[in-house]
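**Student:** Quick one: this structure, given as structure tokens, is what I'll be asking you about.
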Amino acid sequence: DSADFDEEVESICPFCGVGCQVSLKVKDGKVKYVEGINGPANEGRLCVKGRFGFDYIHHPHRLTKPLIRRQDAPEKGLNVDPGNWQTHFREALWEEALDFAAAGMKGRGREIAGFGSAKCTNEEAYLFQKLIRQGFGHNNVDHCTRLCHASSVAALMENVGSGAVTATFNEIENADVAIVIGANPIENHPVAATFFKQFAKRGGKLIVMDPRGQALKRFASHMLQFRPGADVSMLNAIMHVIVEEGLYDQQYIDAYTENWEAEKRHLADFSPEAMAPICGIEPEVLRDVARTFAGAKAAMIFWGMGISQHIHGTDNSRCLISLALMTGQVGRPGSGLHPLRGQNNVQGASDAGLIPMFLPDYQPVTDDGVRSAFTKVWGTADFSNERGLTVTEIMDAVHADKIKGMYILGENPAMSDPDVEHARAALAKLDHLVVQDIFLTETANYADVILPASAFAEKTGTVTNTNRQVQMGRPAVAPPGDAREDWWIEVELAKRLGLPWDYQSPADVFAEMKQNMRSLDNITWERLSGENAVTYPSLSPQDPGQAIVFGDGFPRPEGRARFTPASVIAPDDVPDEDYPMILTTGRQLEHWHTGSMTRRSTVLDGLEPEANCSLHPSTLRKLGVAPGEHVLLTTKRGSISIMAREDRAVAPDMVFVPFAYVEAAANILTNPAIDPFGKIPEFKFSAVRVEKA
Ligand code: SF4
């Protein structure tokens, strides 16, 4: 009823990478409720987070003034009450806070590093990487892609020539077979999952592969609950069958790929019979899946963090790419490779160059011509040609006294890093920490200065979803108190660092981005303002964008994609007598990442108010623990006490812990060992001991 609101504003849901378009209904300067509108990804649908998870933007904990750490503050650490921060910080005017923030960083070159945010806009991500590169002359700038799909991107860049999806998830409408592996879309990409369910109801064959059972199983033609960490053995066995039975697409392989003979030779050692004891799936099931996938007219592969967050995450993705290439399942309607992106703008922030090895559009920092194209537009001197440090390497460099100051925008490493006590100790050690956020997060607890920023409903800017759809976000309400849009804060800091920045609006930033980002060709601010979304690549000013790419070759030498064989590598932290079970972590439907927003949303927090872990009923019985009682989880890194739930989907030797809860932070337990290519930590596998608390 239109009387319910004064104004309605179209924007984009701030949570997951699906990128649902929303209409924000505003009354008396506040967002009252939210409805889904007809965006290309969501077609009017929303999940519980998009529908009900918005009232955090009006939460009393919002930062409304810049804060500077008091001279007489207690030691840095997780001891600040967000409702009573005055013992640690004092309020400051913007002028003083910005001067203080910049003075602590200016002229310190490699001693300063930056974490930007996948929750900010493309323009803000672009400005952040530019500020570090131009302001400090190096590439030590990264964001949470390092913790989610860095290994997928490494494999896609290596073998396909592009890190983005080859087809939108909506293309499943045109498929007859789909694999969903290492992803739990009903909880983590719920609106995308509605398309997957419809596909199955129409008769599409849905092959779900995951060490943890999940609700999508009900719609699956095949459910392969394989052993944690055994992805390569299972996928190679499936590909072995395709080779053995001659089910591959020789014509496609000849026309569009390279290194096939090496892949074929490599797969000879991976018979289903040899791999079944490793992956825990019967040979006949592996053969049936191989025949089903290879026999598809059009097939897609979707994957998530279950694939990427391993020390062999890049190998896992290499296998999925090989499977699609050998069956010719890329570049046609209903076919493709689709890593489901986590954060709402992790695709866009990566595209905008918020990563240590690439400038915008994945142009390597090591290439002199690339850097010179950027410094020409930026009007400043060259910067380092060395790849920068990644998220976890930056924390190690703090401990090694190489990095002494950080600028952190909208990231929460005090909750999200693996072996989080190591990250917290690094944050405490810094001599200058600038945190820009909307709440006094666990990371802001360690800050020397906190700059109050804007939530999605308070800002203008573009974001890019998992489908490569660049979408326009618009402000519906004003930021609280003196809080400001993130791009404005970045510009004011840059000016104080001596950089010649004079952007007047996000549109100015977008115009500059277009100068060195071919992915934005034919996508203008005006188009996005009018059309809300354009998919890249867009081939003309009228083209809504290409849902499917690489139908006629790949952006690699000679237009050929590559097969890169993968061998079985054991997880880093294998169970033993002291730590006999396997810990895996992830999200749950109601909470978003480190919980800073969703735990301040009334409905979502009401649905899931308490830290919890999931254990199989037989495990609980063995431990003598009733559901609802607490268990103590201990790994080589630390211990947490957490409420146990009964969940038949979890294997008897596993425990699943969501990472949203500070009072039982999952990342106290996780293993910081990283994949050598994507540099992503092994969040999905740690040896753990489970005891009655
Ligand atoms: Fe938001 Fe993702 Fe839910 Fe869509 S599916 S409403 S983008 S959280």
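Ligands are numbered from 1 in the order shown, residues from 1 within each chain, and chains are lettered A, B, ... in the order they appear in the structure tokens.
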Could the residues that lie within 10 Å of ligand 1, counting only C-alpha atoms and all ligand atoms, be listed as a tab-separated table (two decimals) with N, CA, C and O atoms, in the first residue's frame?
**Tutor:**
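Saved the output as part.tsv:
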chain	number	residue	atom	x	y	z
A	12	ILE	N	20.40	-2.47	-4.58
A	12	ILE	CA	20.85	-3.86	-4.68
A	12	ILE	C	21.03	-4.42	-3.27
A	12	ILE	O	21.60	-3.76	-2.41
A	13	CYS	N	20.58	-5.65	-3.05
A	13	CYS	CA	20.75	-6.30	-1.74
A	13	CYS	C	22.24	-6.32	-1.37
A	13	CYS	O	23.08	-6.63	-2.21
A	14	PRO	N	22.55	-6.00	-0.12
A	14	PRO	CA	23.97	-5.89	0.27
A	14	PRO	C	24.63	-7.20	0.68
A	14	PRO	O	25.79	-7.20	1.05
A	15	PHE	N	23.93	-8.31	0.64
A	15	PHE	CA	24.52	-9.52	1.21
A	15	PHE	C	25.26	-10.35	0.15
A	15	PHE	O	26.40	-10.09	-0.12
A	16	CYS	N	24.59	-11.31	-0.48
A	16	CYS	CA	25.39	-12.27	-1.25
A	16	CYS	C	25.58	-11.87	-2.71
A	16	CYS	O	24.97	-10.92	-3.21
A	17	GLY	N	26.42	-12.65	-3.39
A	17	GLY	CA	26.80	-12.34	-4.76
A	17	GLY	C	25.72	-12.55	-5.80
A	17	GLY	O	25.94	-12.26	-6.98
A	18	VAL	N	24.55	-13.04	-5.38
A	18	VAL	CA	23.45	-13.17	-6.35
A	18	VAL	C	23.09	-11.78	-6.90
A	18	VAL	O	22.82	-11.62	-8.08
A	19	GLY	N	23.10	-10.78	-6.02
A	19	GLY	CA	22.84	-9.41	-6.49
A	19	GLY	C	21.38	-9.15	-6.80
A	19	GLY	O	21.04	-8.63	-7.87
A	20	CYS	N	20.50	-9.48	-5.87
A	20	CYS	CA	19.07	-9.25	-6.09
A	20	CYS	C	18.77	-7.75	-6.08
A	20	CYS	O	19.25	-7.02	-5.20
A	21	GLN	N	17.95	-7.33	-7.02
A	21	GLN	CA	17.52	-5.92	-7.01
A	21	GLN	C	16.36	-5.78	-6.03
A	21	GLN	O	15.46	-6.62	-5.97
A	22	VAL	N	16.41	-4.67	-5.28
A	22	VAL	CA	15.40	-4.44	-4.25
A	22	VAL	C	14.78	-3.06	-4.42
A	22	VAL	O	15.38	-2.16	-5.01
A	34	VAL	N	11.33	-3.88	2.55
A	34	VAL	CA	12.04	-4.10	1.30
A	34	VAL	C	11.24	-5.09	0.45
A	34	VAL	O	10.69	-6.06	0.97
A	35	GLU	N	11.20	-4.82	-0.85
A	35	GLU	CA	10.57	-5.79	-1.77
A	35	GLU	C	11.55	-6.12	-2.88
A	35	GLU	O	12.35	-5.27	-3.29
A	36	GLY	N	11.45	-7.33	-3.41
A	36	GLY	CA	12.26	-7.69	-4.56
A	36	GLY	C	11.67	-7.07	-5.82
A	36	GLY	O	10.45	-6.95	-5.94
A	41	ALA	N	19.02	-11.02	-12.17
A	41	ALA	CA	19.40	-12.22	-11.41
A	41	ALA	C	18.23	-12.76	-10.59
A	41	ALA	O	18.11	-13.97	-10.41
A	42	ASN	N	17.39	-11.88	-10.06
A	42	ASN	CA	16.40	-12.37	-9.08
A	42	ASN	C	14.97	-12.42	-9.57
A	42	ASN	O	14.13	-13.09	-8.96
A	44	GLY	N	12.47	-10.62	-9.22
A	44	GLY	CA	11.50	-10.29	-8.18
A	44	GLY	C	11.67	-11.04	-6.87
A	44	GLY	O	11.05	-10.70	-5.87
A	45	ARG	N	12.51	-12.07	-6.86
A	45	ARG	CA	12.62	-12.90	-5.65
A	45	ARG	C	13.63	-12.30	-4.65
A	45	ARG	O	14.56	-11.61	-5.05
A	46	LEU	N	13.45	-12.64	-3.37
A	46	LEU	CA	14.42	-12.31	-2.33
A	46	LEU	C	14.46	-13.46	-1.34
A	46	LEU	O	13.48	-14.19	-1.18
A	47	CYS	N	15.58	-13.58	-0.63
A	47	CYS	CA	15.63	-14.56	0.47
A	47	CYS	C	15.38	-13.83	1.78
A	47	CYS	O	15.17	-12.62	1.81
A	48	VAL	N	15.48	-14.57	2.88
A	48	VAL	CA	15.15	-13.98	4.18
A	48	VAL	C	16.09	-12.82	4.53
A	48	VAL	O	15.67	-11.83	5.14
A	49	LYS	N	17.35	-12.90	4.10
A	49	LYS	CA	18.28	-11.80	4.42
A	49	LYS	C	17.91	-10.54	3.65
A	49	LYS	O	17.87	-9.45	4.19
A	50	GLY	N	17.64	-10.70	2.35
A	50	GLY	CA	17.30	-9.53	1.54
A	50	GLY	C	15.97	-8.92	1.96
A	50	GLY	O	15.79	-7.71	1.93
A	51	ARG	N	15.05	-9.77	2.39
A	51	ARG	CA	13.70	-9.30	2.72
A	51	ARG	C	13.66	-8.65	4.11
A	51	ARG	O	13.03	-7.62	4.31
A	52	PHE	N	14.34	-9.29	5.07
A	52	PHE	CA	14.20	-8.84	6.46
A	52	PHE	C	15.49	-8.33	7.09
A	52	PHE	O	15.45	-7.83	8.22
A	53	GLY	N	16.63	-8.47	6.40
A	53	GLY	CA	17.90	-8.17	7.05
A	53	GLY	C	18.40	-6.77	6.80
A	53	GLY	O	19.58	-6.59	6.52
A	185	PRO	N	23.83	-23.80	-1.93
A	185	PRO	CA	23.13	-22.59	-2.37
A	185	PRO	C	21.82	-22.29	-1.65
A	185	PRO	O	21.45	-21.13	-1.53
A	186	ILE	N	21.13	-23.31	-1.13
A	186	ILE	CA	19.86	-23.01	-0.44
A	186	ILE	C	20.14	-22.12	0.77
A	186	ILE	O	19.34	-21.25	1.12
A	187	GLU	N	21.30	-22.26	1.39
A	187	GLU	CA	21.65	-21.38	2.52
A	187	GLU	C	22.45	-20.15	2.08
A	187	GLU	O	22.28	-19.07	2.63
A	188	ASN	N	23.33	-20.32	1.10
A	188	ASN	CA	24.30	-19.26	0.83
A	188	ASN	C	24.03	-18.42	-0.42
A	188	ASN	O	24.53	-17.30	-0.53
A	189	HIS	N	23.27	-18.98	-1.35
A	189	HIS	CA	22.87	-18.23	-2.55
A	189	HIS	C	21.40	-18.57	-2.80
A	189	HIS	O	21.04	-19.15	-3.83
A	190	PRO	N	20.54	-18.21	-1.84
A	190	PRO	CA	19.18	-18.79	-1.84
A	190	PRO	C	18.36	-18.48	-3.09
A	190	PRO	O	17.61	-19.35	-3.55
A	191	VAL	N	18.51	-17.30	-3.64
A	191	VAL	CA	17.69	-17.00	-4.82
A	191	VAL	C	18.22	-17.76	-6.04
A	191	VAL	O	17.43	-18.27	-6.85
A	192	ALA	N	19.52	-17.91	-6.16
A	192	ALA	CA	20.06	-18.76	-7.24
A	192	ALA	C	19.53	-20.18	-7.06
A	192	ALA	O	19.18	-20.85	-8.05
A	193	ALA	N	19.43	-20.62	-5.81
A	193	ALA	CA	18.95	-21.99	-5.55
A	193	ALA	C	17.52	-22.19	-6.06
A	193	ALA	O	17.17	-23.31	-6.46
A	194	THR	N	16.72	-21.14	-6.06
A	194	THR	CA	15.34	-21.32	-6.56
A	194	THR	C	15.36	-21.69	-8.05
A	194	THR	O	14.53	-22.47	-8.51
A	342	GLY	N	30.67	-15.06	-3.29
A	342	GLY	CA	30.10	-14.91	-1.96
A	342	GLY	C	29.54	-13.54	-1.69
A	342	GLY	O	28.33	-13.32	-1.70
A	343	GLN	N	30.41	-12.57	-1.48
A	343	GLN	CA	29.95	-11.22	-1.10
A	343	GLN	C	29.29	-10.52	-2.29
A	343	GLN	O	29.61	-10.80	-3.44
A	344	ASN	N	28.44	-9.56	-1.96
A	344	ASN	CA	27.67	-8.88	-3.01
A	344	ASN	C	28.57	-8.26	-4.08
A	344	ASN	O	28.24	-8.25	-5.25
A	465	ASN	N	27.66	-8.46	-9.65
A	465	ASN	CA	27.30	-9.72	-8.99
A	465	ASN	C	28.00	-10.92	-9.63
A	465	ASN	O	28.81	-10.78	-10.55
A	466	THR	N	27.65	-12.10	-9.14
A	466	THR	CA	28.29	-13.33	-9.61
A	466	THR	C	28.08	-13.55	-11.11
A	466	THR	O	28.87	-14.21	-11.77
A	589	LEU	N	22.20	-19.66	6.67
A	589	LEU	CA	21.27	-18.80	5.94
A	589	LEU	C	21.05	-17.43	6.60
A	589	LEU	O	21.07	-16.40	5.94
A	590	GLU	N	20.86	-17.41	7.91
A	590	GLU	CA	20.41	-16.18	8.57
A	590	GLU	C	21.53	-15.20	8.83
A	590	GLU	O	21.25	-14.02	9.11
A	591	HIS	N	22.79	-15.65	8.83
A	591	HIS	CA	23.86	-14.72	9.21
A	591	HIS	C	24.86	-14.52	8.09
A	591	HIS	O	25.16	-15.43	7.33
A	592	TRP	N	25.34	-13.31	8.06
A	592	TRP	CA	26.26	-12.92	7.03
A	592	TRP	C	27.67	-12.83	7.58
A	592	TRP	O	27.93	-12.03	8.48
**Student:** I need the residues of range 104-182 of chain A that end up classed as alpha helix (DSSP H) by DSSP on the backbone, written out as a PDB file with C-alpha atoms, in the first residue's frame.
**Tutor:**
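To be explicit, this is the file written out as result15.pdb:
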ATOM      1  CA  ASN A 122      33.152  -0.670  -7.576  1.00  0.00           C
ATOM      2  CA  GLU A 123      34.134   2.983  -7.445  1.00  0.00           C
ATOM      3  CA  GLU A 124      35.182   2.702  -3.791  1.00  0.00           C
ATOM      4  CA  ALA A 125      37.176  -0.477  -4.482  1.00  0.00           C
ATOM      5  CA  TYR A 126      38.927   1.210  -7.403  1.00  0.00           C
ATOM      6  CA  LEU A 127      39.799   4.256  -5.290  1.00  0.00           C
ATOM      7  CA  PHE A 128      41.115   2.064  -2.481  1.00  0.00           C
ATOM      8  CA  GLN A 129      43.600   0.160  -4.637  1.00  0.00           C
ATOM      9  CA  LYS A 130      44.629   3.394  -6.311  1.00  0.00           C
ATOM     10  CA  LEU A 131      45.225   5.054  -2.945  1.00  0.00           C
ATOM     11  CA  ILE A 132      47.608   2.284  -1.836  1.00  0.00           C
ATOM     12  CA  ARG A 133      49.409   2.009  -5.187  1.00  0.00           C
ATOM     13  CA  GLN A 134      49.655   5.704  -5.903  1.00  0.00           C
ATOM     14  CA  GLY A 135      50.048   6.816  -2.292  1.00  0.00           C
ATOM     15  CA  PHE A 136      52.596   4.244  -1.133  1.00  0.00           C
ATOM     16  CA  ALA A 150      41.107 -16.665  -5.010  1.00  0.00           C
ATOM     17  CA  SER A 151      41.965 -20.246  -5.966  1.00  0.00           C
ATOM     18  CA  SER A 152      39.030 -20.460  -8.407  1.00  0.00           C
ATOM     19  CA  VAL A 153      40.195 -17.230 -10.037  1.00  0.00           C
ATOM     20  CA  ALA A 154      43.788 -18.516 -10.211  1.00  0.00           C
ATOM     21  CA  ALA A 155      42.626 -21.665 -12.029  1.00  0.00           C
ATOM     22  CA  LEU A 156      40.226 -19.800 -14.322  1.00  0.00           C
ATOM     23  CA  MET A 157      42.851 -17.181 -15.231  1.00  0.00           C
ATOM     24  CA  GLU A 158      45.404 -19.908 -15.927  1.00  0.00           C
ATOM     25  CA  ASN A 159      43.199 -22.210 -17.996  1.00  0.00           C
TER      26      ASN A 159
END
**Student:** Could you tell me how far CA of Asn236 in chain A lies from CA of Val657 in chain A, in Å and to one decimal?
**Tutor:**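 That distance, rounded to one decimal, is 29.0 Å.
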**Student:** Would you kindly return, as a list in words, each protein, DNA or RNA residue with an atom no farther than 7 Å from any atom of Val688 in chain A, considering only C-alpha atoms and excluding same-chain residues fewer than 6 positions away?
**Tutor:**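 The residues that qualify are Tyr579, Pro580, Met581, Ile582, Leu583, Leu633, Thr634 and Thr635 of chain A.
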**Student:** Produce a file of the selected residues containing all heavy atoms, as an mmCIF file, in the first residue's frame.
**Tutor:**
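Wrote it out as again-v4.cif, contents follow:
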data_model
loop_
_atom_site.group_PDB
_atom_site.id
_atom_site.type_symbol
_atom_site.label_atom_id
_atom_site.label_comp_id
_atom_site.auth_asym_id
_atom_site.auth_seq_id
_atom_site.Cartn_x
_atom_site.Cartn_y
_atom_site.Cartn_z
ATOM 1 N N TYR A 579 43.577 -35.172 17.757
ATOM 2 C CA TYR A 579 42.544 -34.377 17.066
ATOM 3 C C TYR A 579 41.893 -35.289 16.024
ATOM 4 O O TYR A 579 42.209 -35.220 14.832
ATOM 5 C CB TYR A 579 43.177 -33.146 16.398
ATOM 6 C CG TYR A 579 43.977 -32.290 17.352
ATOM 7 C CD1 TYR A 579 45.360 -32.397 17.423
ATOM 8 C CD2 TYR A 579 43.338 -31.384 18.195
ATOM 9 C CE1 TYR A 579 46.099 -31.633 18.313
ATOM 10 C CE2 TYR A 579 44.067 -30.611 19.089
ATOM 11 C CZ TYR A 579 45.450 -30.743 19.143
ATOM 12 O OH TYR A 579 46.156 -29.981 20.030
ATOM 13 N N PRO A 580 40.972 -36.152 16.446
ATOM 14 C CA PRO A 580 40.540 -37.241 15.559
ATOM 15 C C PRO A 580 39.444 -36.878 14.561
ATOM 16 O O PRO A 580 39.170 -37.657 13.661
ATOM 17 C CB PRO A 580 40.024 -38.296 16.552
ATOM 18 C CG PRO A 580 39.630 -37.531 17.772
ATOM 19 C CD PRO A 580 40.481 -36.310 17.822
ATOM 20 N N MET A 581 38.795 -35.730 14.711
ATOM 21 C CA MET A 581 37.684 -35.418 13.810
ATOM 22 C C MET A 581 38.056 -34.293 12.842
ATOM 23 O O MET A 581 39.147 -33.750 12.890
ATOM 24 C CB MET A 581 36.437 -35.042 14.630
ATOM 25 C CG MET A 581 35.851 -36.261 15.335
ATOM 26 S SD MET A 581 34.406 -35.902 16.336
ATOM 27 C CE MET A 581 33.243 -35.221 15.171
ATOM 28 N N ILE A 582 37.105 -33.971 11.947
ATOM 29 C CA ILE A 582 37.369 -32.949 10.923
ATOM 30 C C ILE A 582 36.443 -31.758 11.146
ATOM 31 O O ILE A 582 35.215 -31.918 11.244
ATOM 32 C CB ILE A 582 37.138 -33.529 9.514
ATOM 33 C CG1 ILE A 582 38.084 -34.696 9.266
ATOM 34 C CG2 ILE A 582 37.327 -32.443 8.448
ATOM 35 C CD1 ILE A 582 37.686 -35.562 8.083
ATOM 36 N N LEU A 583 37.046 -30.579 11.212
ATOM 37 C CA LEU A 583 36.274 -29.342 11.351
ATOM 38 C C LEU A 583 36.102 -28.706 9.979
ATOM 39 O O LEU A 583 37.065 -28.614 9.204
ATOM 40 C CB LEU A 583 37.040 -28.359 12.242
ATOM 41 C CG LEU A 583 36.568 -26.904 12.191
ATOM 42 C CD1 LEU A 583 35.337 -26.703 13.079
ATOM 43 C CD2 LEU A 583 37.677 -25.951 12.625
ATOM 44 N N LEU A 633 35.403 -27.502 21.350
ATOM 45 C CA LEU A 633 36.119 -27.851 20.117
ATOM 46 C C LEU A 633 37.547 -27.351 20.252
ATOM 47 O O LEU A 633 37.759 -26.174 20.560
ATOM 48 C CB LEU A 633 35.456 -27.196 18.903
ATOM 49 C CG LEU A 633 33.953 -27.413 18.718
ATOM 50 C CD1 LEU A 633 33.478 -26.706 17.449
ATOM 51 C CD2 LEU A 633 33.624 -28.899 18.648
ATOM 52 N N THR A 634 38.499 -28.228 19.987
ATOM 53 C CA THR A 634 39.909 -27.840 20.146
ATOM 54 C C THR A 634 40.704 -28.274 18.921
ATOM 55 O O THR A 634 40.594 -29.421 18.475
ATOM 56 C CB THR A 634 40.521 -28.518 21.390
ATOM 57 O OG1 THR A 634 39.691 -28.227 22.512
ATOM 58 C CG2 THR A 634 41.930 -28.013 21.661
ATOM 59 N N THR A 635 41.460 -27.329 18.370
ATOM 60 C CA THR A 635 42.421 -27.665 17.314
ATOM 61 C C THR A 635 43.805 -27.243 17.778
ATOM 62 O O THR A 635 43.953 -26.732 18.901
ATOM 63 C CB THR A 635 42.113 -26.941 15.985
ATOM 64 O OG1 THR A 635 42.342 -25.535 16.179
ATOM 65 C CG2 THR A 635 40.692 -27.172 15.527
#
**Student:** Between A:His630, A:Ala666, A:Thr441, A:Gly379, which has the minimum distance to Glu512 in chain A (counting only C-alpha atoms)?
**Tutor:** A:Gly379
**Student:** Report, in Å to a single decimal, how far apart CA of Gly331 in chain A and CA of Tyr256 in chain A are.
**Tutor:**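 So the answer is 10.8 Å.
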**Student:** Using only C-alpha atoms, can you tell me which of A:Ile57, A:Ile37, A:Ala220, A:Ala113 comes closest to Pro480 in chain A?
**Tutor:** A:Ile57
**Student:** Quick one: of A:Met234, A:Ile523, A:Met357, A:Cys144, who's nearest to Thr535 in chain A, counting only C-alpha atoms?
**Tutor:** A:Ile523
**Student:** For Ala349 in chain A, find every residue with an atom within 9 Å (counting only C-alpha atoms), except residues of its own chain fewer than 5 positions away, and show them as an MDAnalysis selection string.
**Tutor:** chainID A and resid 116:126 143 145 354:355 360 463:464
**Student:** Give the answer as one residue: which of A:Ile112, A:Phe226, A:Val377, A:Glu91 has the shortest atom-to-atom distance to Ala397 in chain A, using only C-alpha atoms?
**Tutor:**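 The shortest atom-to-atom distance to Ala397 in chain A comes from A:Ile112.
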**Student:** Counting only C-alpha atoms, give me one row per residue of range 309-385 of chain A with an atom at most 12 Å from an atom of range 160-173 of chain A, showing the shortest contact pair and its distance in Å to one decimal, sorted by chain then residue number, as a Markdown table.
**Tutor:**
| residue | atom | partner | partner_atom | distance |
| --- | --- | --- | --- | --- |
| A:Ser317 | CA | A:Val160 | CA | 11.2 |
| A:Arg318 | CA | A:Val160 | CA | 9.9 |
| A:Leu320 | CA | A:Val160 | CA | 11.6 |
| A:Ile321 | CA | A:Val160 | CA | 8.0 |
| A:Ser322 | CA | A:Val160 | CA | 10.0 |
| A:Ala324 | CA | A:Val160 | CA | 11.0 |
| A:Leu325 | CA | A:Val160 | CA | 9.6 |
| A:Gln329 | CA | A:Thr166 | CA | 10.3 |
| A:Val330 | CA | A:Thr166 | CA | 7.1 |
| A:Gly331 | CA | A:Thr166 | CA | 7.0 |
| A:Arg332 | CA | A:Ala167 | CA | 8.7 |
| A:Pro333 | CA | A:Glu171 | CA | 6.6 |
| A:Gly334 | CA | A:Glu171 | CA | 5.0 |
| A:Ser335 | CA | A:Ala167 | CA | 7.1 |
| A:Gly336 | CA | A:Ala167 | CA | 5.3 |
| A:Leu337 | CA | A:Thr166 | CA | 5.4 |
| A:His338 | CA | A:Val165 | CA | 4.7 |
| A:Pro339 | CA | A:Val165 | CA | 6.4 |
| A:Leu340 | CA | A:Val165 | CA | 8.4 |
| A:Arg341 | CA | A:Val165 | CA | 9.3 |
| A:Val346 | CA | A:Ala164 | CA | 10.8 |
| A:Gln347 | CA | A:Ala164 | CA | 7.5 |
| A:Gly348 | CA | A:Ala164 | CA | 10.0 |
| A:Ser350 | CA | A:Gly163 | CA | 9.3 |
| A:Asp351 | CA | A:Ala164 | CA | 8.9 |
| A:Phe358 | CA | A:Gly163 | CA | 11.6 |
| A:Asp361 | CA | A:Ser162 | CA | 9.4 |
| A:Tyr362 | CA | A:Gly163 | CA | 8.2 |
| A:Gln363 | CA | A:Ser162 | CA | 10.8 |
**Student:** Can I get the selection written as a PDB file, in the first residue's frame, with C-alpha atoms?
**Tutor:**
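Output file part_39.pdb follows:
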ATOM      1  CA  SER A 317      38.992 -25.817  -9.841  1.00  0.00           C
ATOM      2  CA  ARG A 318      41.421 -27.090 -12.465  1.00  0.00           C
ATOM      3  CA  LEU A 320      36.164 -28.717 -12.862  1.00  0.00           C
ATOM      4  CA  ILE A 321      37.518 -26.691 -15.776  1.00  0.00           C
ATOM      5  CA  SER A 322      38.959 -29.828 -17.379  1.00  0.00           C
ATOM      6  CA  ALA A 324      33.786 -28.865 -18.752  1.00  0.00           C
ATOM      7  CA  LEU A 325      36.405 -28.597 -21.512  1.00  0.00           C
ATOM      8  CA  GLN A 329      30.388 -27.694 -22.052  1.00  0.00           C
ATOM      9  CA  VAL A 330      31.439 -24.046 -22.290  1.00  0.00           C
ATOM     10  CA  GLY A 331      30.177 -21.232 -24.489  1.00  0.00           C
ATOM     11  CA  ARG A 332      26.750 -22.542 -25.498  1.00  0.00           C
ATOM     12  CA  PRO A 333      23.304 -21.865 -23.994  1.00  0.00           C
ATOM     13  CA  GLY A 334      22.881 -23.970 -20.853  1.00  0.00           C
ATOM     14  CA  SER A 335      26.604 -24.720 -20.500  1.00  0.00           C
ATOM     15  CA  GLY A 336      29.361 -23.115 -18.505  1.00  0.00           C
ATOM     16  CA  LEU A 337      31.576 -22.719 -15.480  1.00  0.00           C
ATOM     17  CA  HIS A 338      30.141 -20.736 -12.587  1.00  0.00           C
ATOM     18  CA  PRO A 339      31.967 -20.191  -9.277  1.00  0.00           C
ATOM     19  CA  LEU A 340      29.153 -18.796  -7.085  1.00  0.00           C
ATOM     20  CA  ARG A 341      30.580 -15.556  -5.642  1.00  0.00           C
ATOM     21  CA  VAL A 346      33.480  -9.526  -4.572  1.00  0.00           C
ATOM     22  CA  GLN A 347      33.359  -9.832  -8.367  1.00  0.00           C
ATOM     23  CA  GLY A 348      33.358  -6.048  -8.804  1.00  0.00           C
ATOM     24  CA  SER A 350      38.293  -7.919  -7.893  1.00  0.00           C
ATOM     25  CA  ASP A 351      37.521  -6.469 -11.334  1.00  0.00           C
ATOM     26  CA  PHE A 358      46.454  -7.310 -10.653  1.00  0.00           C
ATOM     27  CA  ASP A 361      40.543  -5.889 -15.250  1.00  0.00           C
ATOM     28  CA  TYR A 362      43.182  -8.396 -14.044  1.00  0.00           C
ATOM     29  CA  GLN A 363      46.014  -6.557 -15.792  1.00  0.00           C
TER      30      GLN A 363
END
**Student:** Name the residues of range 65-157 of chain A that come out as strand (DSSP E) in a backbone DSSP run; write them as a list in words.
**Tutor:** Leu67, Ile68, Arg69, Phe89, Arg90, Glu91, Ile112, Ala113, Gly114, Phe115, Val141 and Asp142 of chain A
**Student:** Just give me the gap between CA of Glu263 in chain A and CA of Gln225 in chain A in Å, one decimal is fine.
**Tutor:**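 Between CA of Glu263 in chain A and CA of Gln225 in chain A the gap is 25.7 Å.
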